[in-house]
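Novice: My structure file structure35.json, JSON, C-alpha atoms and all ligand atoms, is below:
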[["chain", "number", "residue", "atom", "x", "y", "z"],
["A", 231, "MET", "CA", -36.58, 13.78, -13.70],
["A", 232, "GLN", "CA", -35.03, 10.80, -12.00],
["A", 233, "TYR", "CA", -32.75, 8.30, -13.70],
["A", 234, "PRO", "CA", -34.18, 4.82, -14.13],
["A", 235, "GLU", "CA", -33.36, 2.66, -11.11],
["A", 236, "PRO", "CA", -30.57, 0.52, -12.71],
["A", 237, "ILE", "CA", -28.53, 3.51, -13.79],
["A", 238, "ALA", "CA", -29.17, 5.38, -10.55],
["A", 239, "LYS", "CA", -27.76, 2.35, -8.72],
["A", 240, "LEU", "CA", -24.74, 2.21, -10.99],
["A", 241, "ILE", "CA", -24.04, 5.92, -10.42],
["A", 242, "GLU", "CA", -24.36, 5.36, -6.69],
["A", 243, "SER", "CA", -21.86, 2.48, -6.88],
["A", 244, "TYR", "CA", -19.29, 4.48, -8.82],
["A", 245, "MET", "CA", -19.63, 7.28, -6.29],
["A", 246, "LYS", "CA", -18.41, 4.93, -3.58],
["A", 247, "LEU", "CA", -14.98, 4.89, -5.26],
["A", 248, "PRO", "CA", -12.43, 7.41, -3.99],
["A", 249, "GLY", "CA", -12.14, 10.66, -5.91],
["A", 250, "ILE", "CA", -15.27, 10.08, -7.94],
["A", 251, "GLY", "CA", -18.04, 12.66, -7.62],
["A", 252, "SER", "CA", -21.54, 12.56, -9.07],
["A", 253, "LYS", "CA", -20.50, 14.07, -12.41],
["A", 254, "THR", "CA", -17.79, 11.50, -13.11],
["A", 255, "ALA", "CA", -19.95, 8.70, -11.73],
["A", 256, "THR", "CA", -22.76, 9.66, -14.11],
["A", 257, "ARG", "CA", -20.36, 9.76, -17.05],
["A", 258, "LEU", "CA", -18.94, 6.32, -16.15],
["A", 259, "ALA", "CA", -22.41, 4.85, -15.68],
["A", 260, "PHE", "CA", -23.59, 5.98, -19.10],
["A", 261, "TYR", "CA", -20.32, 4.74, -20.59],
["A", 262, "THR", "CA", -20.87, 1.34, -18.98],
["A", 263, "ILE", "CA", -24.29, 1.00, -20.58],
["A", 264, "ASP", "CA", -22.71, 1.33, -24.02],
["A", 265, "MET", "CA", -19.85, -1.08, -23.36],
["A", 266, "GLN", "CA", -19.64, -4.51, -25.05],
["A", 267, "GLN", "CA", -21.51, -7.07, -23.01],
["A", 268, "ASP", "CA", -18.39, -9.26, -22.65],
["A", 269, "ASP", "CA", -16.38, -6.36, -21.29],
["A", 270, "VAL", "CA", -19.05, -5.58, -18.73],
["A", 271, "THR", "CA", -19.18, -9.23, -17.66],
["A", 272, "ASP", "CA", -15.37, -9.35, -17.34],
["A", 273, "PHE", "CA", -15.42, -6.12, -15.35],
["A", 274, "ALA", "CA", -18.04, -7.42, -12.92],
["A", 275, "LYS", "CA", -16.19, -10.75, -12.55],
["A", 276, "ALA", "CA", -12.86, -8.97, -11.93],
["A", 277, "LEU", "CA", -14.43, -6.88, -9.17],
["A", 278, "ILE", "CA", -15.79, -9.93, -7.41],
["A", 279, "ALA", "CA", -12.69, -12.09, -7.94],
["A", 280, "ALA", "CA", -10.30, -9.40, -6.68],
["A", 281, "GLN", "CA", -12.07, -9.28, -3.37],
["A", 282, "ARG", "CA", -12.77, -13.00, -3.11],
["A", 283, "ASP", "CA", -9.32, -14.29, -4.08],
["A", 284, "LEU", "CA", -7.06, -11.75, -2.44],
["A", 285, "HIS", "CA", -6.22, -11.70, 1.25],
["A", 286, "TYR", "CA", -3.80, -9.83, 3.42],
["A", 287, "CYS", "CA", -0.60, -11.71, 4.18],
["A", 288, "SER", "CA", -0.67, -12.73, 7.84],
["A", 289, "ILE", "CA", 2.99, -11.77, 8.20],
["A", 290, "CYS", "CA", 3.52, -8.53, 6.28],
["A", 291, "GLY", "CA", 0.02, -7.31, 5.37],
["A", 292, "ASN", "CA", 0.66, -7.38, 1.61],
["A", 293, "ILE", "CA", -2.23, -8.41, -0.65],
["A", 294, "THR", "CA", -1.79, -11.98, -1.78],
["A", 295, "GLU", "CA", -3.55, -15.04, -3.14],
["A", 296, "GLU", "CA", -1.47, -17.29, -0.92],
["A", 297, "ASP", "CA", -0.63, -16.85, 2.73],
["A", 298, "PRO", "CA", 2.18, -16.10, 3.48],
["A", 299, "CYS", "CA", 2.74, -13.96, 0.40],
["A", 300, "LEU", "CA", 5.41, -14.81, -2.19],
["A", 301, "ILE", "CA", 7.83, -12.27, -0.74],
["A", 302, "CYS", "CA", 7.54, -13.53, 2.86],
["A", 303, "ALA", "CA", 7.80, -17.12, 1.61],
["A", 304, "ASP", "CA", 10.97, -16.40, -0.40],
["A", 305, "LYS", "CA", 13.83, -17.49, 1.85],
["A", 306, "SER", "CA", 16.42, -16.20, -0.63],
["A", 307, "ARG", "CA", 15.45, -12.65, 0.29],
["A", 308, "ASP", "CA", 17.43, -10.78, 2.90],
["A", 309, "GLN", "CA", 15.64, -11.67, 6.13],
["A", 310, "SER", "CA", 17.48, -9.04, 8.16],
["A", 311, "THR", "CA", 15.88, -5.96, 6.59],
["A", 312, "VAL", "CA", 12.24, -4.88, 6.69],
["A", 313, "LEU", "CA", 11.02, -1.96, 4.61],
["A", 314, "VAL", "CA", 7.88, -0.40, 6.05],
["A", 315, "VAL", "CA", 5.34, 1.07, 3.61],
["A", 316, "GLU", "CA", 1.89, 2.63, 3.90],
["A", 317, "GLY", "CA", 0.08, 0.37, 1.44],
["A", 318, "PRO", "CA", 0.45, -2.75, -0.74],
["A", 319, "LYS", "CA", 0.82, -0.57, -3.86],
["A", 320, "ASP", "CA", 4.10, 0.78, -2.47],
["A", 321, "ILE", "CA", 5.51, -2.77, -2.47],
["A", 322, "MET", "CA", 4.79, -3.07, -6.19],
["A", 323, "THR", "CA", 6.56, 0.25, -6.73],
["A", 324, "MET", "CA", 9.62, -0.87, -4.75],
["A", 325, "GLU", "CA", 9.73, -4.23, -6.50],
["A", 326, "ARG", "CA", 9.73, -2.55, -9.91],
["A", 327, "MET", "CA", 13.04, -1.00, -8.90],
["A", 328, "HIS", "CA", 14.61, -4.54, -8.69],
["A", 329, "GLU", "CA", 17.21, -3.31, -6.22],
["A", 330, "TYR", "CA", 15.66, -4.04, -2.86],
["A", 331, "HIS", "CA", 15.85, -7.67, -1.78],
["A", 332, "GLY", "CA", 14.70, -7.54, 1.82],
["A", 333, "LEU", "CA", 11.26, -8.01, 3.36],
["A", 334, "TYR", "CA", 8.32, -5.62, 3.70],
["A", 335, "HIS", "CA", 5.71, -4.60, 6.21],
["A", 336, "VAL", "CA", 2.49, -2.86, 5.21],
["A", 337, "LEU", "CA", 1.09, -0.43, 7.79],
["A", 338, "GLN", "CA", -2.20, -0.08, 5.93],
["A", 339, "GLY", "CA", -2.27, 3.65, 6.56],
["A", 340, "VAL", "CA", -0.45, 6.21, 8.69],
["A", 341, "LEU", "CA", -1.05, 7.86, 12.03],
["A", 342, "SER", "CA", -3.51, 10.69, 11.51],
["A", 343, "PRO", "CA", -4.99, 12.58, 14.45],
["A", 344, "ILE", "CA", -7.35, 14.40, 12.06],
["A", 345, "GLU", "CA", -8.83, 11.13, 10.84],
["A", 346, "GLY", "CA", -8.70, 9.72, 14.34],
["A", 347, "LYS", "CA", -6.15, 7.07, 13.32],
["A", 348, "GLY", "CA", -3.96, 5.99, 16.21],
["A", 349, "PRO", "CA", -1.26, 3.31, 16.53],
["A", 350, "GLU", "CA", -3.85, 0.60, 17.15],
["A", 351, "ASP", "CA", -5.57, 1.39, 13.85],
["A", 352, "ILE", "CA", -2.60, 0.52, 11.65],
["A", 353, "ASN", "CA", -0.38, -2.60, 11.52],
["A", 354, "ILE", "CA", 2.17, -1.58, 14.14],
["A", 355, "ALA", "CA", 1.59, -4.38, 16.66],
["A", 356, "SER", "CA", 2.27, -7.01, 13.99],
["A", 357, "LEU", "CA", 5.49, -5.21, 13.04],
["A", 358, "LEU", "CA", 6.71, -5.16, 16.63],
["A", 359, "LYS", "CA", 5.92, -8.84, 16.90],
["A", 360, "ARG", "CA", 8.04, -9.59, 13.84],
["A", 361, "LEU", "CA", 10.93, -7.66, 15.36],
["A", 362, "GLN", "CA", 11.01, -9.92, 18.39],
["A", 363, "ASN", "CA", 13.03, -12.50, 16.54],
["A", 364, "ASP", "CA", 16.72, -11.65, 16.42],
["A", 365, "VAL", "CA", 17.03, -11.91, 12.66],
["A", 366, "ILE", "CA", 15.84, -8.40, 11.76],
["A", 367, "LYS", "CA", 18.65, -5.86, 12.03],
["A", 368, "GLU", "CA", 17.28, -2.87, 10.14],
["A", 369, "VAL", "CA", 13.86, -1.30, 9.62],
["A", 370, "ILE", "CA", 13.66, 1.11, 6.69],
["A", 371, "VAL", "CA", 10.70, 3.43, 7.12],
["A", 372, "ALA", "CA", 9.37, 4.30, 3.68],
["A", 373, "THR", "CA", 6.18, 6.11, 4.57],
["A", 374, "ASN", "CA", 5.34, 9.01, 2.27],
["A", 375, "ALA", "CA", 6.90, 12.44, 2.76],
["A", 376, "THR", "CA", 3.66, 13.92, 4.09],
["A", 377, "PRO", "CA", 3.26, 15.32, 7.64],
["A", 378, "GLU", "CA", 1.42, 12.10, 8.62],
["A", 379, "GLY", "CA", 4.09, 9.93, 6.99],
["A", 380, "GLU", "CA", 6.84, 11.80, 8.82],
["A", 381, "ALA", "CA", 5.03, 11.63, 12.15],
["A", 382, "THR", "CA", 4.51, 7.90, 11.70],
["A", 383, "ALA", "CA", 8.21, 7.42, 10.90],
["A", 384, "THR", "CA", 9.23, 9.30, 14.05],
["A", 385, "TYR", "CA", 6.76, 7.29, 16.12],
["A", 386, "LEU", "CA", 8.11, 3.99, 14.77],
["A", 387, "SER", "CA", 11.70, 5.02, 15.30],
["A", 388, "ARG", "CA", 11.02, 5.83, 18.96],
["A", 389, "LEU", "CA", 9.36, 2.46, 19.43],
["A", 390, "ILE", "CA", 11.89, 0.34, 17.60],
["A", 391, "LYS", "CA", 15.29, 1.88, 18.32],
["A", 392, "PRO", "CA", 15.34, 0.97, 22.03],
["A", 393, "ALA", "CA", 15.26, -2.69, 20.94],
["A", 394, "GLY", "CA", 18.69, -2.16, 19.39],
["A", 395, "ILE", "CA", 17.40, -2.35, 15.83],
["A", 396, "LYS", "CA", 18.66, 0.17, 13.32],
["A", 397, "VAL", "CA", 15.89, 2.44, 11.98],
["A", 398, "THR", "CA", 16.48, 4.33, 8.75],
["A", 399, "ARG", "CA", 14.38, 6.69, 6.67],
["A", 400, "LEU", "CA", 14.46, 7.02, 2.89],
["A", 401, "ALA", "CA", 16.57, 9.95, 1.73],
["A", 402, "HIS", "CA", 14.45, 12.64, 0.30],
["A", 403, "GLY", "CA", 15.15, 13.05, -3.27],
["A", 404, "LEU", "CA", 11.45, 12.36, -2.88],
["A", 405, "SER", "CA", 9.96, 15.83, -2.66],
["A", 406, "VAL", "CA", 8.01, 16.87, 0.40],
["A", 407, "GLY", "CA", 4.41, 15.79, 0.30],
["A", 408, "SER", "CA", 5.11, 13.28, -2.46],
["A", 409, "ASP", "CA", 3.92, 9.71, -2.58],
["A", 410, "ILE", "CA", 6.30, 6.82, -3.16],
["A", 411, "GLU", "CA", 3.79, 5.53, -5.66],
["A", 412, "TYR", "CA", 4.61, 8.34, -8.08],
["A", 413, "ALA", "CA", 8.39, 8.30, -7.73],
["A", 414, "ASP", "CA", 10.37, 7.04, -10.70],
["A", 415, "GLU", "CA", 12.72, 4.10, -10.25],
["A", 416, "MET", "CA", 15.95, 6.12, -10.27],
["A", 417, "THR", "CA", 14.64, 8.50, -7.59],
["A", 418, "LEU", "CA", 13.53, 5.55, -5.48],
["A", 419, "LEU", "CA", 16.85, 3.78, -5.86],
["A", 420, "LYS", "CA", 18.69, 6.92, -4.73],
["A", 421, "ALA", "CA", 16.27, 7.32, -1.83],
["A", 422, "VAL", "CA", 16.93, 3.76, -0.66],
["A", 423, "GLU", "CA", 20.69, 3.92, -1.16],
["A", 424, "GLY", "CA", 20.91, 7.30, 0.59],
["A", 425, "ARG", "CA", 18.71, 6.28, 3.52],
["A", 426, "GLN", "CA", 19.68, 7.82, 6.81],
["A", 427, "GLU", "CA", 19.62, 6.55, 10.33],
["A", 428, "MET", "CA", 16.85, 8.10, 12.41],
["B", 1, "ZN", "ZN", 3.91, -11.27, 3.30]]
Please, can you express the file's structure as structure tokens?
Specialist:
Amino acid sequence: MQYPEPIAKLIESYMKLPGIGSKTATRLAFYTIDMQQDDVTDFAKALIAAQRDLHYCSICGNITEEDPCLICADKSRDQSTVLVVEGPKDIMTMERMHEYHGLYHVLQGVLSPIEGKGPEDINIASLLKRLQNDVIKEVIVATNATPEGEATATYLSRLIKPAGIKVTRLAHGLSVGSDIEYADEMTLLKAVEGRQEM
């Protein structure tokens, strides 16, 4: 027996989300049917608004309602340091720590030969362009401690160091294979403070 079309469509939509298989998608779809109508309306509106109202910052690649983003626009931040992360979520994590006051750059991924992701597929060119001004003195590479994250860090260091800019890597109190996203604030703070020159 087939599900009625509306629920089949809903299941199909949930399955497009990462990490959600048909079983979970089916459970979520049936749950949605029983939700309060207002909650469903808010949910649908939030989905549409998030995509419509958010853009990528033309300088750092962070998600933002305004361009440039609030961090890039904040001249009181240390303009000489750029912390490079894999995704916008990592910026939120770093900001929660309240100890880093420099700028950011979002790669929007990492180098991954398996997924066919090369340097031109992530935001490296825009980073190099930012480094052409003389203001930036240090690039802190805060990609995750995965093989791809490490390879990306090494790649960036080889590109950037010849320009006379200091390249550092977060100290690894962060365990191997771990994502910055899941690190607690104390661990992150130690990782930033103990960063080492590459
Ligand atoms: Zn920005």
Novice: Under the rule that all atoms listed in the file are counted, which of A:Leu258, A:Leu419, A:Val369, A:Cys299 is the nearest residue to A:Leu313?
Specialist: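 Between A:Leu258, A:Leu419, A:Val369, A:Cys299, the residue approaching A:Leu313 most closely is A:Val369.
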Novice: Using only C-alpha atoms and all ligand atoms, which residues of the polymer chains come no farther than 7 Å from ligand ZN 1 (chain B)? I'd like the answer as a PDB file with C-alpha atoms, keeping the file's coordinate frame.
Specialist:
ATOM      1  CA  CYS A 287      -0.600 -11.710   4.180  1.00  0.00           C
ATOM      2  CA  SER A 288      -0.670 -12.730   7.840  1.00  0.00           C
ATOM      3  CA  ILE A 289       2.990 -11.770   8.200  1.00  0.00           C
ATOM      4  CA  CYS A 290       3.520  -8.530   6.280  1.00  0.00           C
ATOM      5  CA  GLY A 291       0.020  -7.310   5.370  1.00  0.00           C
ATOM      6  CA  ASN A 292       0.660  -7.380   1.610  1.00  0.00           C
ATOM      7  CA  PRO A 298       2.180 -16.100   3.480  1.00  0.00           C
ATOM      8  CA  CYS A 299       2.740 -13.960   0.400  1.00  0.00           C
ATOM      9  CA  LEU A 300       5.410 -14.810  -2.190  1.00  0.00           C
ATOM     10  CA  ILE A 301       7.830 -12.270  -0.740  1.00  0.00           C
ATOM     11  CA  CYS A 302       7.540 -13.530   2.860  1.00  0.00           C
TER      12      CYS A 302
END
Novice: Can you find the residues with an atom no farther than 12 Å from (-1.6, -5.2, 15.1), counting all atoms listed in the file, and report them as an MDAnalysis selection string?
Specialist: chainID A and resid 288:291 335:338 348:360
Novice: Ranking A:Ile263, A:Ala375, A:Leu389, A:Val365 by minimum distance to A:Ser310 and counting all atoms listed in the file, which one comes first?
Specialist: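 With all atoms listed in the file as the atom set, the closest residue is A:Val365.
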Novice: Considering only C-alpha atoms, can you say which of A:Met231, A:Val315, A:Leu333, A:Leu277 comes closest to A:Glu411?
Specialist: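 Among the listed residues, A:Val315 lies closest to A:Glu411.
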Novice: Can you work out the spacing between atom CA of A:Ala274 and atom CA of A:Ile293 in Å, to one decimal?
Specialist: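 Pair atom CA of A:Ala274 / atom CA of A:Ile293 returns 20.0 Å.
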Novice: Of the candidates A:Ala238, A:Val270, A:Ala372, A:Ile410, which one gets nearest to A:Thr398 if we count all atoms listed in the file?
Specialist: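 Closest to A:Thr398, using all atoms listed in the file: A:Ala372.
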Novice: So the first atom is atom CA of A:Met428 and the second is atom CA of A:Asp304; what is the distance between them in Å, to one decimal place?
Specialist: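 About the pair atom CA of A:Met428 and atom CA of A:Asp304: they are 28.3 Å apart.
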Novice: Atom CA of A:Glu368 and atom CA of A:Met322, how far apart in Å?
Specialist: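 Separation between atom CA of A:Met322 and atom CA of A:Glu368: 20.6 Å.
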Novice: A:Glu423: which residues within 12 Å, counting only C-alpha atoms, same-chain residues fewer than 6 positions away excluded, as a list in words?
Specialist: Met327, Glu329, Tyr330, Ile370, Thr398, Arg399, Leu400, Ala401, His402, Gly403, Met416 and Thr417 of chain A
Novice: Find, counting only C-alpha atoms, the residue in A:Asn363, A:Thr311, A:Thr262, A:Thr254 that gets nearest to A:Ile237.
Specialist: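 Nearest to A:Ile237: A:Thr262.
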Novice: How big is the axis-aligned box around all listed atoms of stretch 391-398 of chain A once 4 Å goes on each side, and where's its centre, in Å to one decimal, as JSON?
Specialist:
{"center_x": 17.0, "center_y": 0.8, "center_z": 15.4, "size_x": 11.4, "size_y": 15.0, "size_z": 21.3}
Novice: Can you work out which one of A:Arg425, A:Lys253, A:Ile278, A:Leu386 has the shortest atom-to-atom distance to A:Val314, counting only C-alpha atoms?
Specialist: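 Closest residue, counting only C-alpha atoms: A:Leu386.
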Novice: So which residues touch A:Thr382 within 10 Å, counting all atoms listed in the file, skipping near sequence neighbours fewer than 3 positions away, as a ChimeraX atom specification?
Specialist: /A:316,337,339-342,348-349,371,373-374,376-379,385-388
Novice: Kindly add N, CA and C atoms to the incomplete stretch 358-377 of chain A and provide the output as a CSV table (one decimal), in the coordinates of the input.
Specialist:
chain,number,residue,atom,x,y,z
A,358,LEU,N,5.9,-5.0,15.4
A,358,LEU,CA,6.7,-5.2,16.6
A,358,LEU,C,6.9,-6.6,16.9
A,359,LYS,N,5.8,-7.4,16.7
A,359,LYS,CA,5.9,-8.8,16.9
A,359,LYS,C,7.0,-9.5,16.0
A,360,ARG,N,7.0,-9.0,14.8
A,360,ARG,CA,8.0,-9.6,13.8
A,360,ARG,C,9.5,-9.3,14.3
A,361,LEU,N,9.6,-8.1,15.0
A,361,LEU,CA,10.9,-7.7,15.4
A,361,LEU,C,11.5,-8.4,16.6
A,362,GLN,N,10.6,-9.2,17.2
A,362,GLN,CA,11.0,-9.9,18.4
A,362,GLN,C,12.0,-11.0,18.1
A,363,ASN,N,12.0,-11.5,16.8
A,363,ASN,CA,13.0,-12.5,16.5
A,363,ASN,C,14.3,-11.7,16.3
A,364,ASP,N,15.4,-12.4,16.5
A,364,ASP,CA,16.7,-11.6,16.4
A,364,ASP,C,17.3,-11.4,15.0
A,365,VAL,N,16.5,-11.9,14.0
A,365,VAL,CA,17.0,-11.9,12.7
A,365,VAL,C,17.0,-10.5,12.1
A,366,ILE,N,16.0,-9.7,12.4
A,366,ILE,CA,15.8,-8.4,11.8
A,366,ILE,C,16.8,-7.4,12.4
A,367,LYS,N,17.6,-6.8,11.5
A,367,LYS,CA,18.6,-5.9,12.0
A,367,LYS,C,18.3,-4.4,11.6
A,368,GLU,N,17.6,-4.2,10.6
A,368,GLU,CA,17.3,-2.9,10.1
A,368,GLU,C,15.8,-2.7,9.7
A,369,VAL,N,15.2,-1.6,10.1
A,369,VAL,CA,13.9,-1.3,9.6
A,369,VAL,C,14.0,0.0,8.8
A,370,ILE,N,13.6,-0.1,7.5
A,370,ILE,CA,13.7,1.1,6.7
A,370,ILE,C,12.2,1.7,6.6
A,371,VAL,N,12.1,2.9,7.1
A,371,VAL,CA,10.7,3.4,7.1
A,371,VAL,C,10.5,4.2,5.8
A,372,ALA,N,9.6,3.7,5.0
A,372,ALA,CA,9.4,4.3,3.7
A,372,ALA,C,7.9,4.8,3.6
A,373,THR,N,7.5,5.4,4.7
A,373,THR,CA,6.2,6.1,4.6
A,373,THR,C,6.4,7.4,3.7
A,374,ASN,N,5.3,7.9,3.2
A,374,ASN,CA,5.3,9.0,2.3
A,374,ASN,C,5.8,10.3,3.0
A,375,ALA,N,6.3,11.2,2.2
A,375,ALA,CA,6.9,12.4,2.8
A,375,ALA,C,5.8,13.5,3.1
A,376,THR,N,4.7,13.0,3.7
A,376,THR,CA,3.7,13.9,4.1
A,376,THR,C,3.8,14.1,5.6
A,377,PRO,N,3.2,15.1,6.2
A,377,PRO,CA,3.3,15.3,7.6
A,377,PRO,C,2.9,14.0,8.4
